[in-house]
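Student: Next comes structure-v1.txt, compact mmCIF, C-alpha atoms:
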# COMPACT_ATOMS: atom_id res chain seq x y z
CA MET H 11 -18.19 28.94 0.05
CA ASN H 12 -18.19 28.41 3.79
CA ASP H 13 -15.59 30.29 5.84
CA VAL H 14 -15.62 27.81 8.70
CA ALA H 15 -15.31 24.76 6.43
CA LEU H 16 -12.46 26.48 4.60
CA ALA H 17 -10.66 27.18 7.87
CA LEU H 18 -11.20 23.66 9.23
CA HIS H 19 -9.86 22.25 5.98
CA ALA H 20 -6.83 24.52 6.22
CA GLY H 21 -6.20 23.36 9.79
CA LEU H 22 -6.29 19.71 8.76
CA THR H 23 -4.00 20.28 5.79
CA SER H 24 -1.45 22.29 7.74
CA SER H 25 -1.36 19.51 10.36
CA GLY H 26 -0.47 16.83 7.84
CA VAL H 27 -3.81 15.05 7.71
CA GLN H 28 -3.94 12.94 4.56
CA HIS H 29 -6.95 10.72 5.25
CA CYS H 30 -10.57 11.45 6.15
CA VAL H 31 -13.09 8.80 7.15
CA TYR H 32 -16.65 10.07 7.37
CA LEU H 33 -20.34 9.41 7.35
CA PRO H 34 -22.36 12.07 5.52
CA ASP H 35 -23.96 14.70 7.75
CA SER H 36 -25.79 17.90 6.83
CA VAL H 37 -23.84 20.15 9.19
CA MET H 38 -20.41 18.79 8.26
CA ASN H 39 -21.19 18.54 4.55
CA PRO H 40 -19.44 21.83 3.60
CA LEU H 41 -16.23 20.41 5.09
CA THR H 42 -16.46 16.86 3.73
CA ALA H 43 -17.31 18.24 0.27
CA ARG H 44 -14.12 20.32 0.38
CA LEU H 45 -12.08 17.32 1.52
CA GLU H 46 -13.56 15.16 -1.26
CA ALA H 47 -12.38 17.78 -3.75
CA ASP H 48 -8.85 17.92 -2.30
CA PRO H 49 -6.55 15.50 -4.15
CA ALA H 50 -4.09 15.62 -1.25
CA ILE H 51 -6.57 13.98 1.12
CA ALA H 52 -7.91 10.45 0.63
CA THR H 53 -11.56 10.26 1.71
CA TYR H 54 -13.53 7.17 2.67
CA VAL H 55 -17.24 7.00 3.36
CA CYS H 56 -17.74 4.35 6.03
CA ALA H 57 -20.90 2.42 6.83
CA ARG H 58 -20.96 3.09 10.58
CA GLU H 59 -19.18 5.67 12.67
CA ASP H 60 -17.58 3.08 14.96
CA GLU H 61 -16.22 1.34 11.88
CA GLY H 62 -14.77 4.68 10.78
CA VAL H 63 -13.08 5.21 14.14
CA ALA H 64 -11.56 1.71 13.90
CA MET H 65 -10.30 2.53 10.40
CA SER H 66 -8.81 5.76 11.71
CA ALA H 67 -7.03 3.80 14.47
CA GLY H 68 -5.64 1.48 11.80
CA LEU H 69 -4.39 4.47 9.83
CA PHE H 70 -2.59 5.72 12.95
CA LEU H 71 -0.92 2.33 13.39
CA ALA H 72 0.26 2.62 9.80
CA GLY H 73 1.83 5.99 10.61
CA GLN H 74 -0.80 8.15 8.93
CA ARG H 75 -2.68 11.20 10.21
CA SER H 76 -6.43 11.13 9.75
CA VAL H 77 -9.69 12.71 10.84
CA ALA H 78 -13.02 10.97 11.44
CA ILE H 79 -16.01 13.20 10.69
CA MET H 80 -19.55 12.35 11.75
CA GLU H 81 -22.77 13.52 13.30
CA CYS H 82 -22.71 13.59 17.08
CA SER H 83 -24.99 10.54 17.18
CA GLY H 84 -22.20 8.45 15.66
CA ILE H 85 -20.02 8.92 18.72
CA GLY H 86 -22.80 7.17 20.60
CA TYR H 87 -21.93 4.01 18.69
CA CYS H 88 -18.22 4.34 19.37
CA GLY H 89 -17.90 3.62 23.10
CA LEU H 90 -16.13 0.27 22.79
CA ILE H 91 -13.72 1.12 19.99
CA LEU H 92 -12.88 4.52 21.51
CA ALA H 93 -12.18 2.80 24.83
CA ARG H 94 -9.82 0.40 23.08
CA CYS H 95 -8.17 3.30 21.27
CA GLN H 96 -7.57 5.09 24.56
CA LEU H 97 -6.26 1.93 26.22
CA GLN H 98 -3.80 1.05 23.50
CA ARG H 99 -2.93 4.67 22.71
CA THR H 100 -3.97 4.71 19.08
CA PRO H 101 -5.59 8.15 19.11
CA VAL H 102 -8.36 9.30 16.82
CA PHE H 103 -9.24 12.90 15.97
CA ILE H 104 -13.01 13.25 15.60
CA MET H 105 -14.94 16.22 14.30
CA ALA H 106 -18.64 15.86 15.07
CA SER H 107 -21.62 18.08 14.41
CA HIS H 108 -23.82 19.25 17.28
CA GLY H 109 -22.63 18.42 20.78
CA GLY H 110 -22.99 21.96 22.05
CA LEU H 111 -25.97 23.46 23.80
CA LEU H 112 -26.65 26.56 21.70
CA GLY H 113 -28.72 26.90 18.58
CA GLU H 114 -30.30 23.45 18.36
CA ILE H 115 -33.60 23.62 16.48
CA PHE H 116 -34.79 20.00 16.25
CA ASP H 117 -36.02 17.84 19.13
CA TYR H 118 -34.64 14.72 17.46
CA HIS H 119 -31.08 15.99 17.81
CA ALA H 120 -31.36 15.80 21.59
CA ALA H 121 -30.73 12.04 21.81
CA PRO H 122 -27.75 12.10 19.41
CA ALA H 123 -26.17 14.93 21.37
CA ALA H 124 -26.79 13.14 24.67
CA ALA H 125 -25.29 9.89 23.35
CA GLY H 126 -22.23 11.58 21.92
CA ARG H 127 -21.55 13.74 24.93
CA GLY H 128 -22.16 10.76 27.21
CA VAL H 129 -19.51 8.63 25.52
CA VAL H 130 -17.00 11.49 25.47
CA ALA H 131 -17.60 12.30 29.14
CA GLY H 132 -17.70 8.65 30.21
CA LEU H 133 -14.35 7.87 28.62
CA GLY H 134 -12.84 11.16 29.72
CA LEU H 135 -11.85 12.10 26.17
CA ALA H 136 -10.37 15.48 25.41
CA GLN H 137 -13.09 17.58 23.84
CA LEU H 138 -13.92 21.11 22.79
CA VAL H 139 -17.01 22.80 21.39
CA LEU H 140 -16.05 25.14 18.56
CA ARG H 141 -17.32 28.69 19.16
CA SER H 142 -18.31 31.33 16.65
CA ASP H 143 -15.40 33.57 17.63
CA ASP H 144 -12.75 30.82 17.54
CA ASP H 145 -10.11 30.53 14.83
CA PRO H 146 -11.13 27.11 13.42
CA ALA H 147 -7.83 26.46 11.65
CA GLU H 148 -5.81 27.15 14.77
CA ILE H 149 -8.15 25.08 16.94
CA VAL H 150 -7.72 22.10 14.60
CA ARG H 151 -3.96 22.56 14.48
CA LEU H 152 -3.69 22.68 18.27
CA ALA H 153 -6.08 19.75 18.74
CA LEU H 154 -4.07 17.58 16.39
CA GLN H 155 -0.90 18.64 18.16
CA THR H 156 -2.35 17.26 21.38
CA VAL H 157 -3.60 14.10 19.66
CA HIS H 158 -0.19 13.18 18.35
CA ALA H 159 1.98 14.52 21.16
CA GLN H 160 -0.02 12.91 23.95
CA ARG H 161 -1.46 10.05 21.89
CA GLN H 162 -4.98 10.61 23.12
CA SER H 163 -8.20 10.91 21.17
CA PHE H 164 -9.83 14.31 20.81
CA VAL H 165 -13.38 15.28 19.87
CA LEU H 166 -14.06 18.69 18.33
CA PHE H 167 -17.77 19.41 18.32
CA VAL H 168 -19.01 21.76 15.61
CA PRO H 169 -22.49 23.14 16.40
CA PRO H 170 -24.79 23.96 13.47
CA HIS H 171 -24.78 27.70 14.17
CA VAL H 172 -20.98 27.77 13.93
CA MET H 173 -20.78 25.95 10.61
CA LYS H 174 -22.68 28.70 8.88
CA PRO H 175 -22.31 30.00 5.33
CA ALA H 176 -20.05 32.93 4.64
CA ARG H 177 -21.63 36.34 4.93
CA PRO H 178 -22.07 38.09 1.58
CA ARG H 179 -19.47 40.80 1.02
CA ARG H 180 -20.69 44.38 1.15
CA GLU H 181 -20.19 46.61 -1.82
CA ALA H 182 -17.45 49.19 -1.26
CA MET O 24 -10.51 -29.24 10.32
CA ASN O 25 -10.93 -27.34 13.55
CA ARG O 26 -9.91 -23.91 14.84
CA GLY O 27 -6.45 -25.05 15.91
CA ASP O 28 -5.71 -26.64 12.52
CA VAL O 29 -6.68 -23.47 10.68
CA VAL O 30 -4.74 -21.12 12.96
CA ARG O 31 -1.59 -23.24 12.80
CA ALA O 32 -1.78 -23.46 9.00
CA PHE O 33 -2.27 -19.70 8.85
CA ALA O 34 0.69 -19.12 11.18
CA GLU O 35 2.95 -21.13 8.86
CA LEU O 36 1.98 -19.05 5.84
CA ARG O 37 1.55 -15.46 7.01
CA GLY O 38 5.23 -14.50 6.84
CA ASP O 39 5.66 -10.83 7.74
CA ALA O 40 2.11 -9.82 6.86
CA VAL O 41 0.28 -7.59 9.32
CA VAL O 42 -2.48 -9.50 11.10
CA VAL O 43 -5.37 -8.15 13.19
CA MET O 44 -7.00 -10.95 15.17
CA GLY O 45 -10.55 -10.81 16.44
CA PRO O 46 -11.57 -11.69 19.98
CA GLY O 47 -11.65 -15.25 21.28
CA GLY O 48 -9.71 -18.46 21.04
CA SER O 49 -7.85 -17.87 17.78
CA SER O 50 -5.65 -15.07 19.17
CA GLY O 51 -4.00 -17.26 21.79
CA LEU O 52 -3.56 -20.11 19.32
CA LEU O 53 -1.78 -17.81 16.87
CA TRP O 54 0.45 -16.53 19.64
CA GLN O 55 1.33 -20.10 20.62
CA ALA O 56 1.98 -21.15 17.02
CA HIS O 57 4.04 -18.15 15.93
CA PRO O 58 4.29 -14.92 17.94
CA HIS O 59 4.98 -12.01 15.61
CA PRO O 60 5.17 -8.28 16.40
CA ALA O 61 3.09 -7.36 13.35
CA THR O 62 0.00 -8.70 15.08
CA ILE O 63 -2.83 -7.25 17.09
CA TYR O 64 -4.39 -9.93 19.27
CA ASN O 65 -7.94 -9.88 20.63
CA MET O 66 -9.19 -6.75 18.92
CA GLU O 67 -12.68 -5.95 20.18
CA LEU O 68 -15.64 -7.74 18.66
CA ALA O 69 -16.54 -6.30 15.23
CA TYR O 70 -13.42 -4.18 14.87
CA ALA O 71 -10.63 -6.50 13.66
CA THR O 72 -11.53 -6.04 10.01
CA PRO O 73 -12.13 -2.24 10.16
CA VAL O 74 -8.76 -1.76 11.91
CA ALA O 75 -7.09 -3.98 9.30
CA LEU O 76 -8.77 -1.92 6.57
CA GLY O 77 -7.30 1.26 8.05
CA ILE O 78 -3.82 -0.27 8.18
CA ALA O 79 -4.16 -1.53 4.61
CA LEU O 80 -5.18 1.93 3.36
CA GLY O 81 -2.35 3.59 5.29
CA ALA O 82 0.37 1.07 4.40
CA PRO O 83 -0.37 -0.03 0.84
CA GLU O 84 3.10 -1.58 0.56
CA ARG O 85 2.26 -4.16 3.28
CA ARG O 86 0.06 -7.24 3.13
CA VAL O 87 -2.63 -6.94 5.79
CA LEU O 88 -5.03 -9.62 6.99
CA SER O 89 -7.87 -9.67 9.46
CA PHE O 90 -8.75 -12.99 11.07
CA GLU O 91 -11.90 -13.23 13.09
CA GLY O 92 -14.70 -15.57 13.94
CA ASP O 93 -18.09 -15.57 12.30
CA GLY O 94 -19.70 -14.14 15.43
CA SER O 95 -17.37 -11.13 15.37
CA LEU O 96 -17.49 -10.53 11.63
CA PHE O 97 -21.28 -10.75 11.57
CA ALA O 98 -21.32 -7.82 13.98
CA ALA O 99 -19.10 -5.99 11.49
CA THR O 100 -21.00 -6.90 8.32
CA PRO O 101 -21.26 -3.27 7.09
CA VAL O 102 -17.48 -3.12 6.68
CA LEU O 103 -17.75 -5.63 3.85
CA GLY O 104 -19.54 -2.92 1.88
CA THR O 105 -16.90 -0.33 2.77
CA ILE O 106 -14.12 -2.65 1.61
CA ALA O 107 -15.96 -3.27 -1.65
CA ARG O 108 -16.23 0.51 -2.12
CA TYR O 109 -12.53 1.13 -1.49
CA PRO O 110 -10.97 -2.25 -2.31
CA PRO O 111 -7.36 -2.32 -1.08
CA ALA O 112 -5.30 -4.74 -3.15
CA ASN O 113 -3.23 -5.60 -0.08
CA LEU O 114 -6.09 -6.66 2.25
CA SER O 115 -7.48 -10.11 3.05
CA VAL O 116 -10.32 -10.99 5.38
CA ILE O 117 -10.36 -14.47 6.89
CA VAL O 118 -13.48 -15.58 8.71
CA LEU O 119 -13.27 -18.72 10.81
CA ALA O 120 -16.81 -20.02 10.49
CA ASN O 121 -17.50 -22.61 13.13
CA GLY O 122 -21.15 -21.62 13.36
CA ILE O 123 -21.19 -20.73 17.04
CA TRP O 124 -20.38 -17.86 19.34
CA GLY O 125 -17.08 -18.92 20.90
CA THR O 126 -18.01 -17.91 24.41
CA GLY O 127 -19.51 -19.54 27.47
CA ASP O 128 -20.03 -23.20 26.62
CA ALA O 129 -20.03 -22.35 22.89
CA SER O 130 -23.48 -23.74 22.26
CA ILE O 131 -25.31 -20.82 20.62
CA ALA O 132 -25.39 -20.78 16.82
CA THR O 133 -24.35 -17.71 14.85
CA THR O 134 -26.14 -16.19 11.89
CA PRO O 135 -25.71 -16.61 8.95
CA HIS O 136 -24.91 -20.27 8.33
CA ALA O 137 -21.19 -20.79 7.80
CA THR O 138 -21.52 -21.66 4.13
CA ARG O 139 -23.41 -18.44 3.30
CA TRP O 140 -20.54 -16.07 4.03
CA PRO O 141 -19.31 -15.94 0.42
CA ASP O 142 -22.83 -14.98 -0.69
CA LEU O 143 -22.83 -12.15 1.82
CA ALA O 144 -19.44 -10.85 0.64
CA VAL O 145 -20.47 -10.95 -3.02
CA ALA O 146 -23.79 -9.26 -2.20
CA CYS O 147 -21.78 -6.46 -0.55
CA GLY O 148 -19.90 -5.94 -3.81
CA TRP O 149 -16.83 -8.18 -3.54
CA ASN O 150 -15.31 -9.68 -6.68
CA SER O 151 -16.50 -13.31 -6.61
CA GLN O 152 -13.19 -14.39 -8.13
CA ARG O 153 -11.52 -13.44 -4.86
CA VAL O 154 -14.10 -14.93 -2.51
CA VAL O 155 -13.15 -18.42 -1.40
CA ILE O 156 -14.73 -20.99 0.87
CA ALA O 157 -12.52 -23.75 2.27
CA ASP O 158 -13.60 -26.69 4.41
CA ALA O 159 -10.27 -28.53 4.35
CA LEU O 160 -6.70 -27.50 5.06
CA GLY O 161 -5.45 -27.94 1.48
CA PRO O 162 -7.86 -25.43 -0.07
CA PHE O 163 -7.42 -23.11 2.92
CA ARG O 164 -3.64 -23.07 2.50
CA ASP O 165 -4.03 -22.46 -1.24
CA ALA O 166 -6.36 -19.55 -0.62
CA VAL O 167 -4.05 -17.94 1.94
CA ARG O 168 -1.06 -18.32 -0.38
CA ARG O 169 -2.96 -16.67 -3.22
CA SER O 170 -4.16 -13.86 -0.99
CA LEU O 171 -0.56 -13.14 0.03
CA SER O 172 0.79 -13.06 -3.50
CA GLU O 173 -2.06 -11.86 -5.74
CA SER O 174 -3.99 -8.62 -5.86
CA GLY O 175 -6.96 -8.43 -3.50
CA PRO O 176 -8.96 -7.82 -1.50
CA TRP O 177 -9.54 -11.47 -0.69
CA PHE O 178 -12.31 -12.99 1.38
CA ILE O 179 -11.55 -16.45 2.74
CA CYS O 180 -14.17 -18.37 4.67
CA ALA O 181 -12.69 -21.31 6.60
CA VAL O 182 -15.54 -23.62 7.58
CA THR O 183 -14.50 -25.58 10.65
CA GLU O 184 -15.86 -28.19 13.00
CA ARG O 185 -16.68 -27.17 16.50
CA SER O 186 -13.99 -28.08 19.00
CA SER O 187 -13.17 -27.94 22.69
CA GLN O 188 -11.06 -24.83 21.96
CA ASP O 189 -14.20 -22.85 21.23
CA ALA O 190 -15.44 -22.54 24.82
CA SER O 191 -14.30 -19.58 26.92
CA GLY O 192 -12.48 -21.55 29.61
CA ASN O 193 -10.35 -23.49 27.16
CA ARG O 194 -8.81 -20.55 25.37
CA ALA O 195 -5.11 -20.15 24.91
CA ARG O 196 -4.07 -16.58 25.65
CA PRO O 197 -1.36 -14.37 24.15
CA SER O 198 1.42 -13.28 26.49
CA VAL O 199 1.15 -9.68 25.31
CA ASP O 200 -1.65 -7.40 26.43
CA ALA O 201 -3.77 -4.95 24.46
CA VAL O 202 -1.36 -2.08 25.05
CA GLU O 203 1.77 -4.03 24.15
CA THR O 204 0.32 -5.62 21.02
CA ALA O 205 -0.64 -2.26 19.48
CA ASP O 206 2.68 -0.63 20.33
CA LEU O 207 4.67 -3.56 18.97
CA LEU O 208 2.79 -3.35 15.69
CA ARG O 209 3.12 0.43 15.45
CA ARG O 210 6.85 0.28 16.07
CA TYR O 211 7.28 -2.64 13.68
CA LEU O 212 5.57 -0.75 10.87
CA ALA O 213 7.52 2.43 11.62
CA GLU O 214 10.84 0.58 11.44
CA LYS O 215 9.90 -1.06 8.15
CA ARG O 216 8.94 2.19 6.44
Translate this structure into structure tokens?
Tutor:
Amino acid sequence: MNDVALALHAGLTSSGVQHCVYLPDSVMNPLTARLEADPAIATYVCAREDEGVAMSAGLFLAGQRSVAIMECSGIGYCGLILARCQLQRTPVFIMASHGGLLGEIFDYHAAPAAAGRGVVAGLGLAQLVLRSDDDPAEIVRLALQTVHAQRQSFVLFVPPHVMKPARPRREA
Amino acid sequence: MNRGDVVRAFAELRGDAVVVMGPGGSSGLLWQAHPHPATIYNMELAYATPVALGIALGAPERRVLSFEGDGSLFAATPVLGTIARYPPANLSVIVLANGIWGTGDASIATTPHATRWPDLAVACGWNSQRVVIADALGPFRDAVRRSLSESGPWFICAVTERSSQDASGNRARPSVDAVETADLLRRYLAEKR
């Protein structure tokens, strides 16, 4: 059980998301595992993150709500397709691990974070880094509201220290 | 057969199917032959087929085709594995294999060789019964007809001669831009739901 994954899942469901395109990632795994187990959401494992973003744009054109989930490095591959999505107003909602500045423990996550943040900043995409004291379900609901009302892509970064396991309950 | 022959034959057969065209000369030729709102023209290199896959998954009641050159599809080769993993019955992928990158003076050969595309699709997990190679208009038309009426996904490789239409400066161009083409398709699909 992971409280944050549960809340993110609830936010997606309450916003009408019925499709999830993702590439497996250790941080986002608690969420994608929940989505895989949810019969109301169709999940697709893509081969590359930019391919997944293109699929998500296609789902939007077909009138469907979707989320693309990936490691932050994947956004680094997505510059061209995200630029096209912005231009033609076929928005994509991305949830990506890392991307924040706090709590990183591996040197090899520095380049993925730099690539992802660089693409998001370069294209001027709406973005937010989820914080430990945020309400994840409400953040997702509001982000998707912006995505579909303003037809612009949105990246929600989920740092590793935020996607943490639930604390064990204390005995009464 | 050359690029123009293939695109015109395709335009005659597509009906109201959704089409996502790759970048390059084929987009303008399709526009000239038969403009249709259910079409995205000049999708970025490597993304025509992934976008078509998304539409096919989201609109299973519609026939959806991607149409791109071998240079563009080779950049998108991983999507062949994704389609094999989640095979939409309503999706067809058409690769126009003229063996060159259709840019500049169109003199640089692509990889793989045009006739090896079916092998690549089957190696990625496609049903070989729905993987077709056509080097003449008759078999190409037959394959497109089958892909529009029978369960897919279908992979159709149209092997063409090189032609003057392949070079950058000789391209026909659609009269709708990237913004208009996406909005026309989105509205078209919304009205048909």
Student: Considering all atoms listed in the file, extract the chain H residues located within 7 Å of chain O and return them as a VMD selection string.
Tutor: chain H and resid 56 to 57 61 64 to 69 71 to 74 97 to 98
Student: Please report the interatomic distance between CA of Leu140 in chain H and CA of Cys95 in chain H in Å with one decimal.
Tutor: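 Interatomic distance, CA of Leu140 in chain H to CA of Cys95 in chain H: 23.4 Å.
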Student: Using only C-alpha atoms, which protein or nucleic acid residues come within 10 Å of range 29-41 of chain O? Drop anything in the same chain fewer than 4 positions from it, and give the result as an MDAnalysis selection string.
Tutor: chainID O and resid 24:25 48:63 75 78:79 82 85:90 113:114 117 119 158:161 163:165 167:168 170:171 181:183 208 211:212
Student: Counting all atoms listed in the file, what is within 12 Å of Asp144 in chain H, bar same-chain residues fewer than 6 positions away, as a PyMOL selection string?
Tutor: chain H and resi 14+17-18+138+150+168+172-173
Student: Could you give me, as an MDAnalysis selection string, the residues that have an atom at most 12 Å away from the point (0.6, 18.0, 18.0) in the coordinates of the file, using only C-alpha atoms?
Tutor: chainID H and resid 21:22 24:27 75 101 103 148:164
Student: May I ask for the distance between CA of Asp93 in chain O and CA of Val118 in chain O, given in Å to one decimal place?
Tutor: 5.8 Å
Student: Please identify all polymer residues within 8 Å of range 29-36 of chain H, counting only C-alpha atoms, omitting same-chain residues fewer than 5 positions from it, and present them as a CSV table (one decimal) with C-alpha atoms, in the frame of the given file.
Tutor:
chain,number,residue,atom,x,y,z
H,42,THR,CA,-16.5,16.9,3.7
H,45,LEU,CA,-12.1,17.3,1.5
H,51,ILE,CA,-6.6,14.0,1.1
H,52,ALA,CA,-7.9,10.4,0.6
H,53,THR,CA,-11.6,10.3,1.7
H,54,TYR,CA,-13.5,7.2,2.7
H,55,VAL,CA,-17.2,7.0,3.4
H,56,CYS,CA,-17.7,4.4,6.0
H,57,ALA,CA,-20.9,2.4,6.8
H,58,ARG,CA,-21.0,3.1,10.6
H,59,GLU,CA,-19.2,5.7,12.7
H,62,GLY,CA,-14.8,4.7,10.8
H,63,VAL,CA,-13.1,5.2,14.1
H,65,MET,CA,-10.3,2.5,10.4
H,66,SER,CA,-8.8,5.8,11.7
H,74,GLN,CA,-0.8,8.2,8.9
H,75,ARG,CA,-2.7,11.2,10.2
H,76,SER,CA,-6.4,11.1,9.8
H,77,VAL,CA,-9.7,12.7,10.8
H,78,ALA,CA,-13.0,11.0,11.4
H,79,ILE,CA,-16.0,13.2,10.7
H,80,MET,CA,-19.6,12.4,11.8
H,81,GLU,CA,-22.8,13.5,13.3
H,107,SER,CA,-21.6,18.1,14.4
Student: N, CA and C atoms for range 38-59 of chain H, written as a PDB file, in the coordinates of the input, could you do that?
Tutor:
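See result-v2.pdb below for the written result:
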ATOM      1  N   MET H  38     -21.816  18.912   8.635  1.00  0.00           N
ATOM      2  CA  MET H  38     -20.410  18.790   8.260  1.00  0.00           C
ATOM      3  C   MET H  38     -20.206  18.718   6.752  1.00  0.00           C
ATOM      4  N   ASN H  39     -21.293  18.703   5.999  1.00  0.00           N
ATOM      5  CA  ASN H  39     -21.190  18.540   4.550  1.00  0.00           C
ATOM      6  C   ASN H  39     -20.292  19.591   3.865  1.00  0.00           C
ATOM      7  N   PRO H  40     -20.343  20.875   4.270  1.00  0.00           N
ATOM      8  CA  PRO H  40     -19.440  21.830   3.600  1.00  0.00           C
ATOM      9  C   PRO H  40     -17.971  21.446   3.750  1.00  0.00           C
ATOM     10  N   LEU H  41     -17.613  20.834   4.881  1.00  0.00           N
ATOM     11  CA  LEU H  41     -16.230  20.410   5.090  1.00  0.00           C
ATOM     12  C   LEU H  41     -15.921  19.138   4.297  1.00  0.00           C
ATOM     13  N   THR H  42     -16.769  18.131   4.419  1.00  0.00           N
ATOM     14  CA  THR H  42     -16.460  16.860   3.730  1.00  0.00           C
ATOM     15  C   THR H  42     -16.474  17.053   2.215  1.00  0.00           C
ATOM     16  N   ALA H  43     -17.310  17.965   1.717  1.00  0.00           N
ATOM     17  CA  ALA H  43     -17.310  18.240   0.270  1.00  0.00           C
ATOM     18  C   ALA H  43     -15.966  18.849  -0.146  1.00  0.00           C
ATOM     19  N   ARG H  44     -15.432  19.734   0.685  1.00  0.00           N
ATOM     20  CA  ARG H  44     -14.120  20.320   0.380  1.00  0.00           C
ATOM     21  C   ARG H  44     -13.031  19.246   0.410  1.00  0.00           C
ATOM     22  N   LEU H  45     -13.105  18.358   1.399  1.00  0.00           N
ATOM     23  CA  LEU H  45     -12.080  17.320   1.520  1.00  0.00           C
ATOM     24  C   LEU H  45     -12.171  16.346   0.338  1.00  0.00           C
ATOM     25  N   GLU H  46     -13.396  16.044  -0.095  1.00  0.00           N
ATOM     26  CA  GLU H  46     -13.560  15.160  -1.260  1.00  0.00           C
ATOM     27  C   GLU H  46     -12.901  15.779  -2.495  1.00  0.00           C
ATOM     28  N   ALA H  47     -12.925  17.098  -2.571  1.00  0.00           N
ATOM     29  CA  ALA H  47     -12.380  17.780  -3.750  1.00  0.00           C
ATOM     30  C   ALA H  47     -10.875  18.013  -3.656  1.00  0.00           C
ATOM     31  N   ASP H  48     -10.281  17.675  -2.522  1.00  0.00           N
ATOM     32  CA  ASP H  48      -8.850  17.920  -2.300  1.00  0.00           C
ATOM     33  C   ASP H  48      -8.054  16.672  -2.669  1.00  0.00           C
ATOM     34  N   PRO H  49      -7.289  16.705  -3.738  1.00  0.00           N
ATOM     35  CA  PRO H  49      -6.550  15.500  -4.150  1.00  0.00           C
ATOM     36  C   PRO H  49      -5.466  15.082  -3.161  1.00  0.00           C
ATOM     37  N   ALA H  50      -5.127  15.962  -2.224  1.00  0.00           N
ATOM     38  CA  ALA H  50      -4.090  15.620  -1.250  1.00  0.00           C
ATOM     39  C   ALA H  50      -4.641  14.828  -0.073  1.00  0.00           C
ATOM     40  N   ILE H  51      -5.950  14.716  -0.001  1.00  0.00           N
ATOM     41  CA  ILE H  51      -6.570  13.980   1.120  1.00  0.00           C
ATOM     42  C   ILE H  51      -7.409  12.841   0.562  1.00  0.00           C
ATOM     43  N   ALA H  52      -7.113  11.620   1.023  1.00  0.00           N
ATOM     44  CA  ALA H  52      -7.910  10.450   0.630  1.00  0.00           C
ATOM     45  C   ALA H  52      -9.145  10.383   1.527  1.00  0.00           C
ATOM     46  N   THR H  53     -10.312  10.286   0.931  1.00  0.00           N
ATOM     47  CA  THR H  53     -11.560  10.260   1.710  1.00  0.00           C
ATOM     48  C   THR H  53     -12.226   8.902   1.562  1.00  0.00           C
ATOM     49  N   TYR H  54     -12.836   8.451   2.660  1.00  0.00           N
ATOM     50  CA  TYR H  54     -13.530   7.170   2.670  1.00  0.00           C
ATOM     51  C   TYR H  54     -14.869   7.354   3.381  1.00  0.00           C
ATOM     52  N   VAL H  55     -15.928   6.991   2.713  1.00  0.00           N
ATOM     53  CA  VAL H  55     -17.240   7.000   3.360  1.00  0.00           C
ATOM     54  C   VAL H  55     -17.424   5.629   4.010  1.00  0.00           C
ATOM     55  N   CYS H  56     -17.583   5.619   5.324  1.00  0.00           N
ATOM     56  CA  CYS H  56     -17.740   4.350   6.030  1.00  0.00           C
ATOM     57  C   CYS H  56     -19.231   4.036   6.188  1.00  0.00           C
ATOM     58  N   ALA H  57     -19.511   2.842   6.688  1.00  0.00           N
ATOM     59  CA  ALA H  57     -20.900   2.420   6.830  1.00  0.00           C
ATOM     60  C   ALA H  57     -21.449   2.718   8.223  1.00  0.00           C
ATOM     61  N   ARG H  58     -20.587   2.769   9.193  1.00  0.00           N
ATOM     62  CA  ARG H  58     -20.960   3.090  10.580  1.00  0.00           C
ATOM     63  C   ARG H  58     -19.841   3.933  11.166  1.00  0.00           C
ATOM     64  N   GLU H  59     -20.195   4.788  12.102  1.00  0.00           N
ATOM     65  CA  GLU H  59     -19.180   5.670  12.670  1.00  0.00           C
ATOM     66  C   GLU H  59     -18.137   4.899  13.487  1.00  0.00           C
TER      67      GLU H  59
END
